[in-house]
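Remarks on the structure that follows.
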Amino acid sequence: MRILHILDHGLPLQSGYTFRTRAILTAQAAAGHVVAAVTGPRQGESGGVVERIDGLTFHRTPSTGMPTGLIGELAGVAGFSKSIAAAVAEFRPDILHAHSPALDGLAAWRVARRHGLPFVYEIRAFWEDAAVGNDTGTEGSLKYRATRALERFVVDRANAVAVICDGLRGDLIARGVAADKIMVSPNGVDLTLFGSPAPRDDALATALGLDGAEVIGFIGSFYPYEGLDDLIAAMPALVAARPDATLLLVGGGPAGDALRAQAAASPVADRIRFVGRVPHAEVERYYSLVDVLAYPRKAMRLTELVTPLKPLEAMAQGRLVAASDVGGHRELIRDGDTGTLFAADDPAAIAAALAGLLADRSGWEARRARGRAFVAQERNWSSNICRYDAIYQRLVEAANRKSRWSAYPAPI
């Protein structure tokens, strides 16, 4: 089957969004599908109209000269639709698979309707909630409500909807979307990239001053909703209980400057290390130094509904995970079995949970093995992508059997 993916952005940019995309496309290609992607105007400057990266083909949308605000968004959708249509003419897909945000779905739907193609829309997060979590939006604002309404508009016009977790599926059903229209394609790990835990990098440990340390780590993006301020706030109590405890923060993002200032003012500032962003190919070296990966996400709609990717990568690397007890984490982590859950928004609870883990290592190996087995059996992309196949097949067969007007929702 020939599948054209419609994306907000993709490789060579690095984010959880691009890593999930790469895993999907790579696994589908390995399964015998022919895949390509179109990235939107927010991709930024690229190397050409079509690029080949990591064995994957990306058609690009020009990003220059767009006005800002509502006019800019509408212009972006129009330009994106043109790029999608050009890719359709060249690639000749059997199906369009658009990934959130809703503007991507809107652009893809316009092309799907025009060309009589089946259209799958995948939601990775509700972007109005992501804006709240990033401190760039306010719940209930006009923009929040408009984004939510646009999401529903696209969902209603898609032939099928995919979501990354049960939290998102349940929320859509509560809004009145038919349950049988929604399938769950959970976050997963490409075990060809994260399947073999790297040995401890002693030279890197020495360079970072981590020799003899009990290392608590976070590797990812520094967004306000990640709760890293609570993790830093927990460090004085953790160091009081475990004097060798050291926090290693790898990554960067909007909250980075505030977190560095908070760490500098901490009474245990010498036990907190910031590394900055590292190339994705180097990430395993940092995983190898960490005893416990901590994910202290704050409690809010975004984190209650959406499952993150990083705890799965940590489990695949054979690392212990400790995380806040928000809904997205509870879908991934069984407390006391594959990981540890602690109360969200509570530095004292974080310190107590981490100190308890560091004090008793007797069950570490068994817990690591259970976590890695969970990823291999239930969150491995090589098997996860099979969930799409039945949907694709049904939609393509329907498109072949029926006329355009009977197979697709009537345009409004």
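A note on labels: chains of the structure tokens are A, B, ... as shown, every chain counts residues from 1, and ligands are counted from 1 in their shown order.
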
Hey, which bits of segment 121-234 of chain A sit within 10 Å of segment 342-352 of chain A, and for each residue what's the closest pair of atoms and how far apart in Å (one decimal), counting only C-alpha atoms, rows by chain and increasing number, as JSON lines?
{"residue": "A:Gly227", "atom": "CA", "partner": "A:Asp345", "partner_atom": "CA", "distance": 7.3}
{"residue": "A:Leu228", "atom": "CA", "partner": "A:Pro347", "partner_atom": "CA", "distance": 10.0}
{"residue": "A:Asp229", "atom": "CA", "partner": "A:Pro347", "partner_atom": "CA", "distance": 8.8}
{"residue": "A:Asp230", "atom": "CA", "partner": "A:Pro347", "partner_atom": "CA", "distance": 5.2}
{"residue": "A:Leu231", "atom": "CA", "partner": "A:Pro347", "partner_atom": "CA", "distance": 6.3}
{"residue": "A:Ile232", "atom": "CA", "partner": "A:Pro347", "partner_atom": "CA", "distance": 8.1}
{"residue": "A:Ala233", "atom": "CA", "partner": "A:Pro347", "partner_atom": "CA", "distance": 5.9}
{"residue": "A:Ala234", "atom": "CA", "partner": "A:Pro347", "partner_atom": "CA", "distance": 4.5}

### Task
Could you please write out, as an MDAnalysis selection string, every residue of segment 55-274 of chain A that DSSP assigns to alpha helix (DSSP H)?
chainID A and resid 69:91 102:115 127:133 142:157 166:174 191:194 202:207 228:241 256:265

### Query
Residues of segment 49-273 of chain A in strand (DSSP E or B) according to DSSP, as a ChimeraX atom specification?
/A:50-53,56-59,95-99,119-123,160-163,182-184,189,214-221,245-252,272-273

### Minimum-distance residue to Ala205 of chain A, chosen among A:Gln14, A:Thr147, A:Ser288, A:Asn159 (using only C-alpha atoms)
A:Ser288

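Residue nearest His9 of chain A within the list A:Ala255, A:Leu74, A:Ala98, A:Val88: A:Ala98 [criterion: smallest interatomic distance, only C-alpha atoms].
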